[in-house]
Amino acid sequence: MKNIRLVLIGEILLFIVIFLLNILIGSWGTSAIIWFIDPASLLLIALVLFPGLIIMGVWKDFVKAFSVGIKSFSLLELKNIIGAVDAAQKLTVFGALFAMIISAVLLMGRLDDPSTIGPYLAVCFLSGFYAVIIEFLLLPLKLNAERKMNEEMDLGE
């Protein structure tokens with residue numbers, strides 16, 4: 001994996017193509033795309049992820065993960081980068097669970113109106129959907145850093 005940025009762009013394009021094919025092949029049409037947009041859920045995940053990385057003191061290492069394979073890093077730096085990406089993965093899951101719980105509580109507060117159950121339940125699932133997408137992007141960062149660390153360890157022997 002020479003350039004992790006190209007891998008991430010490729011993953012995003014693959015995701016977009018698969019998503020659009022599912023939408024267009026189905027009978028919903030392109031208007032269904034709006035069903036997958038929930039800024040509040042994304043914001044809640046981001047409000048757990050980014051401040052969490054900063055509070056843990058791994059923000060700089062997380063940002064370095066986007067340069068592994070482009071820049072040279074020591075074994076200790078690579079280990080810290082792997083730890084930072086691992087923390088980002090866990091924080092993403094926690095952020096999504098937080099958003100899902102909030103959405104579920106809002107849903108439970110509206111059970112008297114059956115017409116709102118579907119939309120509120122959809123918002124619950126969107127948080128998990130966003131977490132899957134973010135994990136899909138974080139996994140190659142971690143694998144790339146682990147591969148680079150293994151290469152460095154082999155060269156050192």
# chains A, B, ... in the order shown; residues from 1 in each chain; ligands from 1
$ residues_around --residues "Asp61 (chain A)" --least-positions-apart "5" --cutoff "10 Å" --atoms "only C-alpha atoms" --output "CSV table (one decimal) with N, CA, C and O atoms, in the first residue's frame"
chain,number,residue,atom,x,y,z
A,53,LEU,N,-10.1,12.0,20.9
A,53,LEU,CA,-8.7,11.8,20.4
A,53,LEU,C,-7.8,12.9,21.0
A,53,LEU,O,-6.7,12.7,21.4
A,66,PHE,N,-2.5,9.1,8.1
A,66,PHE,CA,-2.8,9.4,6.7
A,66,PHE,C,-1.5,9.6,5.9
A,66,PHE,O,-1.6,9.7,4.7
A,77,GLU,N,6.8,5.6,16.6
A,77,GLU,CA,5.8,6.4,16.0
A,77,GLU,C,4.7,5.5,15.4
A,77,GLU,O,3.5,5.8,15.5
A,78,LEU,N,5.1,4.5,14.7
A,78,LEU,CA,4.2,3.6,14.1
A,78,LEU,C,3.3,2.9,15.1
A,78,LEU,O,2.1,2.7,14.9
A,79,LYS,N,3.9,2.5,16.3
A,79,LYS,CA,3.1,1.9,17.3
A,79,LYS,C,2.1,2.9,17.9
A,79,LYS,O,0.9,2.5,18.1
A,80,ASN,N,2.5,4.1,18.0
A,80,ASN,CA,1.6,5.2,18.5
A,80,ASN,C,0.5,5.5,17.5
A,80,ASN,O,-0.7,5.7,17.9
A,81,ILE,N,0.8,5.4,16.2
A,81,ILE,CA,-0.2,5.6,15.2
A,81,ILE,C,-1.2,4.5,15.2
A,81,ILE,O,-2.4,4.8,15.1
A,82,ILE,N,-0.8,3.3,15.4
A,82,ILE,CA,-1.7,2.2,15.4
A,82,ILE,C,-2.6,2.3,16.6
A,82,ILE,O,-3.8,2.1,16.6
A,83,GLY,N,-2.0,2.7,17.8
A,83,GLY,CA,-2.9,3.0,19.0
A,83,GLY,C,-3.9,4.1,18.8
A,83,GLY,O,-5.0,4.0,19.2
A,84,ALA,N,-3.5,5.1,18.1
A,84,ALA,CA,-4.4,6.2,17.8
A,84,ALA,C,-5.5,5.8,16.9
A,84,ALA,O,-6.7,6.2,17.2
A,85,VAL,N,-5.3,5.1,15.9
A,85,VAL,CA,-6.3,4.6,15.0
A,85,VAL,C,-7.2,3.6,15.7
A,85,VAL,O,-8.5,3.7,15.5
$ select_by_dssp --residues "region 1-126 of chain A" --states "helix (DSSP H, G or I)" --output "ChimeraX atom specification"
/A:4-25,30-36,39-56,59-67,75-108,114-126
$ closest_residue --among "A:Tyr120, A:Leu106, A:Ser74, A:Ile133" --to "Ile16 (chain A)" --atoms "only C-alpha atoms"
A:Ile133
$ atom_distance --atom1 "CA of Ala40 (chain A)" --atom2 "CA of Ala99 (chain A)"
8.4 Å
$ residues_around --residues "Ala87 (chain A)" --least-positions-apart "6" --cutoff "9 Å" --atoms "only C-alpha atoms" --output "ChimeraX atom specification"
/A:49,52-53,56,58,62
$ residues_around --residues "Met153 (chain A)" --least-positions-apart "4" --cutoff "10 Å" --atoms "only C-alpha atoms" --output "list in words"
Ser74, Leu75, Arg147, Lys148, Met149 and Glu157 of chain A
$ closest_residue --among "A:Ala122, A:Ile45, A:Leu139, A:Ala88" --to "Val63 (chain A)" --atoms "only C-alpha atoms"
A:Ala88
$ closest_residue --among "A:Ile70, A:Leu44, A:Phe36, A:Ile23" --to "Phe94 (chain A)" --atoms "only C-alpha atoms"
A:Leu44
$ residues_around --residues "Ile12 (chain A)" --least-positions-apart "2" --cutoff "12 Å" --atoms "only C-alpha atoms" --output "ChimeraX atom specification"
/A:5-10,14-19,133-138,140
$ closest_residue --among "A:Met100, A:Ala145, A:Leu21, A:Met108" --to "Val68 (chain A)" --atoms "only C-alpha atoms"
A:Ala145
$ atom_distance --atom1 "CA of Pro119 (chain A)" --atom2 "CA of Leu43 (chain A)"
18.3 Å
$ residues_around --residues "Ala32 (chain A)" --least-positions-apart "5" --cutoff "12 Å" --atoms "only C-alpha atoms" --output "list in words"
Phe19, Leu20, Asn22, Ile23, Leu24, Ile25, Gly26, Ser27 and Ile37 of chain A
$ atom_distance --atom1 "CA of Asn3 (chain A)" --atom2 "CA of Gly69 (chain A)"
6.1 Å
$ closest_residue --among "A:Ile54, A:Leu126, A:Val132, A:Leu47" --to "Val93 (chain A)" --atoms "only C-alpha atoms"
A:Val132
$ decode --residues "region 52-150 of chain A" --atoms "C-alpha atoms" --output "mmCIF file, in the first residue's frame"
data_model
loop_
_atom_site.group_PDB
_atom_site.id
_atom_site.type_symbol
_atom_site.label_atom_id
_atom_site.label_comp_id
_atom_site.auth_asym_id
_atom_site.auth_seq_id
_atom_site.Cartn_x
_atom_site.Cartn_y
_atom_site.Cartn_z
ATOM 1 C CA GLY A 52 -11.872 12.082 22.520
ATOM 2 C CA LEU A 53 -8.724 11.806 20.407
ATOM 3 C CA ILE A 54 -7.582 15.245 21.573
ATOM 4 C CA ILE A 55 -8.280 14.501 25.258
ATOM 5 C CA MET A 56 -6.392 11.196 25.015
ATOM 6 C CA GLY A 57 -3.448 13.048 23.471
ATOM 7 C CA VAL A 58 -3.379 10.945 20.305
ATOM 8 C CA TRP A 59 -4.715 13.470 17.784
ATOM 9 C CA LYS A 60 -1.308 14.120 16.187
ATOM 10 C CA ASP A 61 -0.630 10.397 15.886
ATOM 11 C CA PHE A 62 -4.058 9.894 14.315
ATOM 12 C CA VAL A 63 -3.340 12.574 11.712
ATOM 13 C CA LYS A 64 0.030 10.918 10.980
ATOM 14 C CA ALA A 65 -1.846 7.735 10.025
ATOM 15 C CA PHE A 66 -2.779 9.418 6.739
ATOM 16 C CA SER A 67 0.933 9.769 5.885
ATOM 17 C CA VAL A 68 2.156 6.230 6.639
ATOM 18 C CA GLY A 69 3.844 4.924 3.500
ATOM 19 C CA ILE A 70 4.414 8.455 2.261
ATOM 20 C CA LYS A 71 6.626 9.654 5.112
ATOM 21 C CA SER A 72 9.080 7.626 7.137
ATOM 22 C CA PHE A 73 8.234 6.884 10.778
ATOM 23 C CA SER A 74 10.128 5.167 13.575
ATOM 24 C CA LEU A 75 8.833 1.965 15.136
ATOM 25 C CA LEU A 76 7.657 3.874 18.206
ATOM 26 C CA GLU A 77 5.793 6.388 16.037
ATOM 27 C CA LEU A 78 4.156 3.560 14.081
ATOM 28 C CA LYS A 79 3.103 1.883 17.336
ATOM 29 C CA ASN A 80 1.597 5.183 18.522
ATOM 30 C CA ILE A 81 -0.183 5.640 15.181
ATOM 31 C CA ILE A 82 -1.700 2.153 15.432
ATOM 32 C CA GLY A 83 -2.854 2.951 18.966
ATOM 33 C CA ALA A 84 -4.389 6.235 17.826
ATOM 34 C CA VAL A 85 -6.325 4.607 14.987
ATOM 35 C CA ASP A 86 -7.462 1.864 17.363
ATOM 36 C CA ALA A 87 -8.714 4.554 19.750
ATOM 37 C CA ALA A 88 -10.520 6.269 16.853
ATOM 38 C CA GLN A 89 -12.232 2.993 15.962
ATOM 39 C CA LYS A 90 -13.448 2.491 19.516
ATOM 40 C CA LEU A 91 -14.559 6.106 19.901
ATOM 41 C CA THR A 92 -16.518 5.810 16.657
ATOM 42 C CA VAL A 93 -18.428 2.834 18.025
ATOM 43 C CA PHE A 94 -19.053 4.615 21.341
ATOM 44 C CA GLY A 95 -20.220 7.746 19.523
ATOM 45 C CA ALA A 96 -22.609 5.731 17.377
ATOM 46 C CA LEU A 97 -23.993 3.904 20.411
ATOM 47 C CA PHE A 98 -24.461 7.236 22.166
ATOM 48 C CA ALA A 99 -26.368 8.613 19.157
ATOM 49 C CA MET A 100 -28.440 5.429 18.894
ATOM 50 C CA ILE A 101 -29.421 5.561 22.561
ATOM 51 C CA ILE A 102 -30.453 9.204 22.264
ATOM 52 C CA SER A 103 -32.513 8.372 19.172
ATOM 53 C CA ALA A 104 -34.101 5.397 20.922
ATOM 54 C CA VAL A 105 -35.076 7.534 23.915
ATOM 55 C CA LEU A 106 -36.681 10.058 21.563
ATOM 56 C CA LEU A 107 -38.493 7.184 19.851
ATOM 57 C CA MET A 108 -39.809 5.848 23.151
ATOM 58 C CA GLY A 109 -41.106 9.301 24.028
ATOM 59 C CA ARG A 110 -43.201 9.317 20.856
ATOM 60 C CA LEU A 111 -44.788 5.861 20.966
ATOM 61 C CA ASP A 112 -48.199 7.486 21.308
ATOM 62 C CA ASP A 113 -47.946 8.572 17.653
ATOM 63 C CA PRO A 114 -47.417 5.453 15.485
ATOM 64 C CA SER A 115 -46.633 7.543 12.399
ATOM 65 C CA THR A 116 -43.330 8.706 13.958
ATOM 66 C CA ILE A 117 -41.994 5.242 14.860
ATOM 67 C CA GLY A 118 -40.578 4.561 11.372
ATOM 68 C CA PRO A 119 -38.670 7.834 10.972
ATOM 69 C CA TYR A 120 -37.277 7.741 14.522
ATOM 70 C CA LEU A 121 -36.221 4.113 14.098
ATOM 71 C CA ALA A 122 -34.508 5.010 10.816
ATOM 72 C CA VAL A 123 -32.521 7.712 12.609
ATOM 73 C CA CYS A 124 -31.466 5.113 15.202
ATOM 74 C CA PHE A 125 -30.079 2.891 12.471
ATOM 75 C CA LEU A 126 -28.336 5.747 10.672
ATOM 76 C CA SER A 127 -25.914 6.202 13.565
ATOM 77 C CA GLY A 128 -24.818 2.600 13.192
ATOM 78 C CA PHE A 129 -24.651 3.027 9.426
ATOM 79 C CA TYR A 130 -22.324 6.019 9.820
ATOM 80 C CA ALA A 131 -20.146 4.080 12.266
ATOM 81 C CA VAL A 132 -19.782 1.266 9.730
ATOM 82 C CA ILE A 133 -18.708 3.738 7.052
ATOM 83 C CA ILE A 134 -16.166 5.376 9.373
ATOM 84 C CA GLU A 135 -14.817 1.960 10.442
ATOM 85 C CA PHE A 136 -14.586 1.028 6.756
ATOM 86 C CA LEU A 137 -12.254 4.006 6.310
ATOM 87 C CA LEU A 138 -10.257 3.544 9.531
ATOM 88 C CA LEU A 139 -9.439 -0.127 8.988
ATOM 89 C CA PRO A 140 -7.000 0.437 6.075
ATOM 90 C CA LEU A 141 -5.237 3.146 8.098
ATOM 91 C CA LYS A 142 -4.568 0.680 10.889
ATOM 92 C CA LEU A 143 -3.621 -2.186 8.564
ATOM 93 C CA ASN A 144 -1.265 0.059 6.608
ATOM 94 C CA ALA A 145 0.502 1.210 9.789
ATOM 95 C CA GLU A 146 0.751 -2.381 11.063
ATOM 96 C CA ARG A 147 2.184 -3.548 7.736
ATOM 97 C CA LYS A 148 4.714 -0.725 7.733
ATOM 98 C CA MET A 149 5.724 -1.517 11.323
ATOM 99 C CA ASN A 150 6.239 -5.183 10.410
#
